[in-house]
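Structure data follow from entry_25.cif (mmCIF, C-alpha atoms):
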```
data_my_file
loop_
_atom_site.label_atom_id
_atom_site.label_comp_id
_atom_site.auth_asym_id
_atom_site.auth_seq_id
_atom_site.Cartn_x
_atom_site.Cartn_y
_atom_site.Cartn_z
CA MET R 30 -6.99 -28.05 -7.92
CA ASN R 31 -3.53 -27.26 -6.60
CA LEU R 32 -1.13 -24.68 -8.05
CA THR R 33 2.46 -24.79 -6.81
CA PHE R 34 5.23 -22.48 -7.99
CA GLU R 35 8.85 -22.33 -7.01
CA VAL R 36 10.40 -19.02 -8.01
CA GLU R 37 13.75 -17.35 -7.59
CA PHE R 38 13.77 -14.53 -5.07
CA SER R 39 14.16 -11.28 -6.98
CA ARG R 40 15.37 -8.24 -5.13
CA GLU R 41 13.99 -5.94 -7.85
CA ILE R 42 10.53 -7.48 -7.73
CA TYR R 43 10.51 -7.39 -3.92
CA VAL R 44 11.45 -3.69 -3.88
CA ASP R 45 8.94 -2.84 -6.65
CA LYS R 46 6.10 -4.62 -4.82
CA SER R 47 6.97 -2.97 -1.52
CA LEU R 48 7.17 0.54 -2.99
CA PHE R 49 3.90 0.04 -4.87
CA CYS R 50 2.18 -1.17 -1.70
CA TRP R 51 3.58 1.82 0.20
CA LYS R 52 2.16 4.22 -2.39
CA ILE R 53 -1.28 2.64 -2.14
CA ALA R 54 -1.20 2.77 1.65
CA LEU R 55 -0.32 6.48 1.46
CA LYS R 56 -3.36 7.42 -0.65
CA GLN R 57 -5.42 8.10 2.49
CA GLN R 58 -2.73 10.37 3.93
CA PHE R 59 -2.52 12.29 0.66
CA ARG R 60 -6.30 12.84 0.79
CA VAL R 61 -5.98 14.25 4.32
CA LEU R 62 -3.03 16.38 3.19
CA ALA R 63 -5.03 17.79 0.27
CA ILE R 64 -7.95 18.62 2.58
CA LEU R 65 -5.71 20.32 5.14
CA LEU R 66 -3.71 22.37 2.64
CA GLY R 67 -6.65 23.14 0.34
CA GLY R 68 -8.91 24.00 3.26
CA GLY R 69 -6.19 26.17 4.80
CA VAL R 70 -5.76 28.16 1.59
CA ILE R 71 -9.53 28.63 1.17
CA LEU R 72 -10.04 29.68 4.79
CA ASN R 73 -7.13 32.13 4.59
CA LEU R 74 -8.59 33.61 1.41
CA LEU R 75 -11.94 34.04 3.15
CA GLY R 76 -10.18 35.70 6.08
CA SER R 77 -8.30 38.02 3.73
CA ILE R 78 -11.50 38.98 1.91
CA GLY R 79 -13.14 39.71 5.25
CA LYS R 80 -10.22 41.89 6.34
CA TYR R 81 -10.39 43.75 3.03
CA PHE R 82 -13.98 44.70 3.86
CA ASN R 83 -12.99 45.55 7.46
CA ASN R 84 -15.06 42.72 8.87
CA GLU R 85 -13.35 41.41 12.01
CA ASN R 86 -15.53 38.28 12.09
CA PHE R 87 -13.35 36.80 9.38
CA ASN R 88 -10.30 36.61 11.71
CA PHE R 89 -11.70 33.27 12.84
CA PHE R 90 -11.36 31.91 9.27
CA THR R 91 -7.78 33.14 9.05
CA GLY R 92 -6.89 31.49 12.36
CA ILE R 93 -8.43 28.15 11.43
CA GLY R 94 -6.84 28.41 7.98
CA MET R 95 -3.39 28.94 9.48
CA ILE R 96 -3.84 25.98 11.84
CA SER R 97 -4.92 23.85 8.88
CA LEU R 98 -1.89 24.92 6.83
CA VAL R 99 0.51 24.21 9.71
CA LEU R 100 -1.02 20.76 10.26
CA GLY R 101 -0.79 20.08 6.52
CA LEU R 102 2.87 21.06 6.43
CA ILE R 103 3.61 18.85 9.46
CA LEU R 104 1.87 15.93 7.74
CA LEU R 105 3.85 16.60 4.55
CA MET R 106 7.12 16.56 6.50
CA LEU R 107 6.10 13.29 8.19
CA ILE R 108 5.29 11.71 4.81
CA ILE R 109 8.66 12.77 3.39
CA LYS R 110 10.52 11.52 6.47
CA SER R 111 8.64 8.21 6.50
CA ARG R 112 9.46 7.69 2.81
CA ILE R 113 13.17 8.19 3.50
CA ILE R 114 13.08 5.80 6.47
CA PHE R 115 11.01 3.28 4.50
CA LYS R 116 13.43 3.27 1.56
CA ARG R 117 16.43 2.83 3.87
CA SER R 118 14.85 -0.04 5.79
CA LEU R 119 13.56 -1.60 2.55
CA LYS R 120 17.11 -1.69 1.18
CA LYS R 121 18.38 -3.40 4.34
CA LEU R 122 15.48 -5.86 4.33
CA ALA R 123 15.97 -6.69 0.65
CA ASP R 124 19.68 -7.27 1.30
CA SER R 125 18.94 -9.64 4.17
CA TYR R 126 16.28 -11.52 2.16
CA GLU R 127 18.62 -11.86 -0.79
CA LYS R 128 21.29 -13.39 1.46
CA ALA R 129 18.86 -15.56 3.43
CA PHE R 130 17.14 -17.43 0.62
CA SER R 131 17.20 -17.76 -3.12
CA LYS R 132 13.95 -19.61 -3.82
CA VAL R 133 10.42 -19.30 -2.52
CA THR R 134 7.48 -21.62 -3.07
CA TYR R 135 3.84 -20.55 -3.34
CA GLU R 136 1.11 -23.16 -3.07
CA PHE R 137 -2.51 -22.40 -3.86
CA ASP R 138 -4.66 -25.27 -2.59
CA GLU R 139 -8.45 -25.47 -2.32
CA GLU R 140 -8.11 -25.37 1.48
CA TYR R 141 -5.15 -23.04 2.04
CA PHE R 142 -2.42 -20.79 0.71
CA LYS R 143 1.14 -21.78 1.61
CA TYR R 144 4.40 -19.82 1.45
CA ILE R 145 7.75 -21.57 1.90
CA ASP R 146 11.30 -20.25 1.92
CA SER R 147 14.49 -21.61 3.49
CA LYS R 148 13.54 -20.28 6.95
CA THR R 149 9.76 -20.05 6.95
CA GLU R 150 6.71 -22.09 6.13
CA VAL R 151 3.35 -20.36 6.46
CA LYS R 152 0.04 -22.09 5.76
CA LEU R 153 -3.10 -19.93 5.84
CA LYS R 154 -6.67 -21.11 5.33
CA TRP R 155 -8.66 -19.14 2.78
CA ASP R 156 -11.13 -17.82 5.37
CA TYR R 157 -8.19 -15.85 6.81
CA PHE R 158 -8.33 -13.66 3.69
CA VAL R 159 -11.11 -11.18 2.97
CA ASP R 160 -10.76 -10.62 -0.79
CA TYR R 161 -8.26 -9.92 -3.52
CA MET R 162 -7.62 -7.10 -5.96
CA VAL R 163 -5.48 -6.53 -9.03
CA ILE R 164 -3.73 -3.23 -9.72
CA ASN R 165 -1.22 -2.86 -12.59
CA GLU R 166 -0.85 -6.66 -12.87
CA ILE R 167 -0.03 -6.91 -9.17
CA ILE R 168 -2.27 -9.27 -7.16
CA PHE R 169 -3.11 -8.28 -3.58
CA ILE R 170 -4.61 -11.03 -1.42
CA ASN R 171 -6.08 -8.99 1.41
CA ARG R 172 -6.35 -9.96 5.05
CA ASN R 173 -8.33 -6.81 5.87
CA GLU R 174 -8.78 -3.27 4.57
CA ASN R 175 -5.11 -2.40 5.17
CA VAL R 176 -3.24 -3.06 1.93
CA ALA R 177 0.08 -3.03 3.80
CA GLN R 178 -0.89 -6.39 5.32
CA SER R 179 -1.70 -8.02 1.99
CA THR R 180 0.10 -10.91 0.36
CA ILE R 181 1.39 -9.49 -2.92
CA PHE R 182 2.37 -11.10 -6.23
CA LYS R 183 3.68 -9.40 -9.34
CA ASN R 184 2.90 -10.89 -12.75
CA SER R 185 6.61 -11.37 -13.50
CA GLU R 186 7.01 -13.64 -10.44
CA PHE R 187 5.02 -16.44 -12.01
CA PRO R 188 6.18 -18.86 -14.70
CA ASP R 189 4.67 -18.23 -18.15
CA GLY R 190 0.88 -18.44 -18.19
CA LYS R 191 0.57 -19.16 -14.47
CA TYR R 192 -0.48 -15.60 -13.59
CA SER R 193 -3.85 -16.10 -15.30
CA GLU R 194 -4.26 -19.50 -13.60
CA VAL R 195 -3.71 -17.86 -10.20
CA LEU R 196 -6.27 -15.14 -11.03
CA GLU R 197 -8.76 -17.80 -12.09
CA PHE R 198 -8.11 -19.77 -8.90
CA LEU R 199 -8.51 -16.67 -6.69
CA GLY R 200 -11.74 -15.83 -8.50
CA ARG R 201 -13.17 -19.13 -7.26
CA ARG R 202 -11.91 -18.75 -3.69
CA LEU R 203 -12.25 -15.03 -2.89
CA LYS R 204 -14.28 -12.05 -3.91
CA LEU R 205 -12.69 -9.44 -6.16
CA ARG R 206 -12.35 -5.98 -4.59
CA LEU R 207 -12.70 -3.19 -7.11
CA ASN R 208 -10.37 -0.34 -6.27
#
```

Target encoding structure tokens, full file:
Amino acid sequence: MNLTFEVEFSREIYVDKSLFCWKIALKQQFRVLAILLGGGVILNLLGSIGKYFNNENFNFFTGIGMISLVLGLILLMLIIKSRIIFKRSLKKLADSYEKAFSKVTYEFDEEYFKYIDSKTEVKLKWDYFVDYMVINEIIFINRNENVAQSTIFKNSEFPDGKYSEVLEFLGRRLKLRLN
């Protein structure tokens, strides 16, 4: 079975997919941020309780808590800065893609997946991919655990009814990753 789709390049869809992928990739950093900030607050509270009871052994907790809070704030600043840089570069990239090509072709074959635009033709065998997942009607065909390196399709990219055909096809070729 072979599914081939030629679709118009959509700047809005490209930006939406990229931002959604960025948010998923950041989940791990937000977990670390929560641990650092939450742990810092808890350790500082323990240190304060110890000081209230004149127990100098709790200074250690306060010190570690402050280090944790500082690291958390640095990570937060890096996340904010990376988001600003990402949005700026995403705008430039979307502009260049919009100028470079108007149509892209996706081909789902039993042996390979192929992507074609006016400048590129990429043909990847299915064993190159690990699995696929679906989040909010966005399909991620994963090369590894890093979602940022996934091939991504939004439901609205496909002609009517073809989204479900692609999901059915992927179900036969790859294993579904539950998120």

Contacts of segment 95-131 of chain R with segment 60-73 of chain R up to 9 Å, shortest pair per row, only C-alpha atoms, as a tab-separated table:
```
residue	atom	partner	partner_atom	distance
R:Met95	CA	R:Gly69	CA	6.1
R:Ile96	CA	R:Gly69	CA	7.4
R:Ser97	CA	R:Gly69	CA	4.9
R:Leu98	CA	R:Gly69	CA	4.9
R:Val99	CA	R:Leu66	CA	8.4
R:Leu100	CA	R:Leu65	CA	7.0
R:Gly101	CA	R:Leu65	CA	5.1
R:Leu102	CA	R:Leu66	CA	7.7
R:Leu104	CA	R:Leu62	CA	6.7
R:Leu105	CA	R:Leu62	CA	7.0
```

Give me the residues near Ile170 of chain R as number ranges by chain, where near means some atom within 6 Å (using all atoms listed in the file) and where sequence neighbours in that chain fewer than 3 positions away do not count. R: 161, 179-180

Skipping near chain neighbours, those fewer than 4 positions away, what residues fall within 7 Å of segment 50-56 of chain R using only C-alpha atoms, listed as a ChimeraX atom specification? /R:46,60,176-177

Write a file of the selected residues as an mmCIF file, keeping the file's coordinate frame, keeping C-alpha atoms.
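What landed in part_29.cif:
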```cif
data_model
loop_
_atom_site.group_PDB
_atom_site.id
_atom_site.type_symbol
_atom_site.label_atom_id
_atom_site.label_comp_id
_atom_site.auth_asym_id
_atom_site.auth_seq_id
_atom_site.Cartn_x
_atom_site.Cartn_y
_atom_site.Cartn_z
ATOM 1 C CA LYS R 46 6.100 -4.620 -4.820
ATOM 2 C CA ARG R 60 -6.300 12.840 0.790
ATOM 3 C CA VAL R 176 -3.240 -3.060 1.930
ATOM 4 C CA ALA R 177 0.080 -3.030 3.800
#
```

Would you mind listing what lies within 12 Å of Glu136 of chain R as a PDB file with C-alpha atoms, in the frame of the given file, with only C-alpha atoms counted and same-chain residues fewer than 5 positions away left out?
```
ATOM      1  CA  MET R  30      -6.990 -28.050  -7.920  1.00  0.00           C
ATOM      2  CA  ASN R  31      -3.530 -27.260  -6.600  1.00  0.00           C
ATOM      3  CA  LEU R  32      -1.130 -24.680  -8.050  1.00  0.00           C
ATOM      4  CA  THR R  33       2.460 -24.790  -6.810  1.00  0.00           C
ATOM      5  CA  PHE R  34       5.230 -22.480  -7.990  1.00  0.00           C
ATOM      6  CA  GLU R  35       8.850 -22.330  -7.010  1.00  0.00           C
ATOM      7  CA  VAL R  36      10.400 -19.020  -8.010  1.00  0.00           C
ATOM      8  CA  TYR R 141      -5.150 -23.040   2.040  1.00  0.00           C
ATOM      9  CA  PHE R 142      -2.420 -20.790   0.710  1.00  0.00           C
ATOM     10  CA  LYS R 143       1.140 -21.780   1.610  1.00  0.00           C
ATOM     11  CA  TYR R 144       4.400 -19.820   1.450  1.00  0.00           C
ATOM     12  CA  ILE R 145       7.750 -21.570   1.900  1.00  0.00           C
ATOM     13  CA  ASP R 146      11.300 -20.250   1.920  1.00  0.00           C
ATOM     14  CA  GLU R 150       6.710 -22.090   6.130  1.00  0.00           C
ATOM     15  CA  VAL R 151       3.350 -20.360   6.460  1.00  0.00           C
ATOM     16  CA  LYS R 152       0.040 -22.090   5.760  1.00  0.00           C
ATOM     17  CA  LEU R 153      -3.100 -19.930   5.840  1.00  0.00           C
ATOM     18  CA  LYS R 154      -6.670 -21.110   5.330  1.00  0.00           C
ATOM     19  CA  PHE R 187       5.020 -16.440 -12.010  1.00  0.00           C
ATOM     20  CA  VAL R 195      -3.710 -17.860 -10.200  1.00  0.00           C
ATOM     21  CA  PHE R 198      -8.110 -19.770  -8.900  1.00  0.00           C
TER      22      PHE R 198
END
```

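In this comparison, which uses all atoms listed in the file, the residue of R:Ile108, R:Leu75, R:Leu205, R:Val44 approaching Phe158 of chain R most closely is R:Leu205.
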
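Within 10 Å of Lys204 of chain R, once all atoms listed in the file are used and residues closer than 2 positions along the same chain are dropped, the contacting residues are Phe158, Val159, Asp160, Tyr161, Met162, Leu199, Gly200, Arg201, Arg202, Arg206 and Leu207 of chain R.
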
Selection in question (the file shown): the PyMOL selection byres ((chain R and resi 40) around 8). Which residues does it include, as a PyMOL selection string? chain R and resi 38-39+41-44+123-124+127

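For the pair atom CA of Asn165 of chain R and atom CA of Tyr135 of chain R, the separation is 20.6 Å.
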
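Atom pair atom CA of Phe49 of chain R / atom CA of Thr149 of chain R has a distance of 24.0 Å (rounded to one decimal).
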
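Here atom CA of Ile168 of chain R is placed at a distance of 28.0 Å from atom CA of Lys110 of chain R.
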
Nearest to Ile93 of chain R, restricted to all atoms listed in the file and choosing among R:Gly76, R:Lys120, R:Leu107, R:Lys191, comes out as R:Gly76
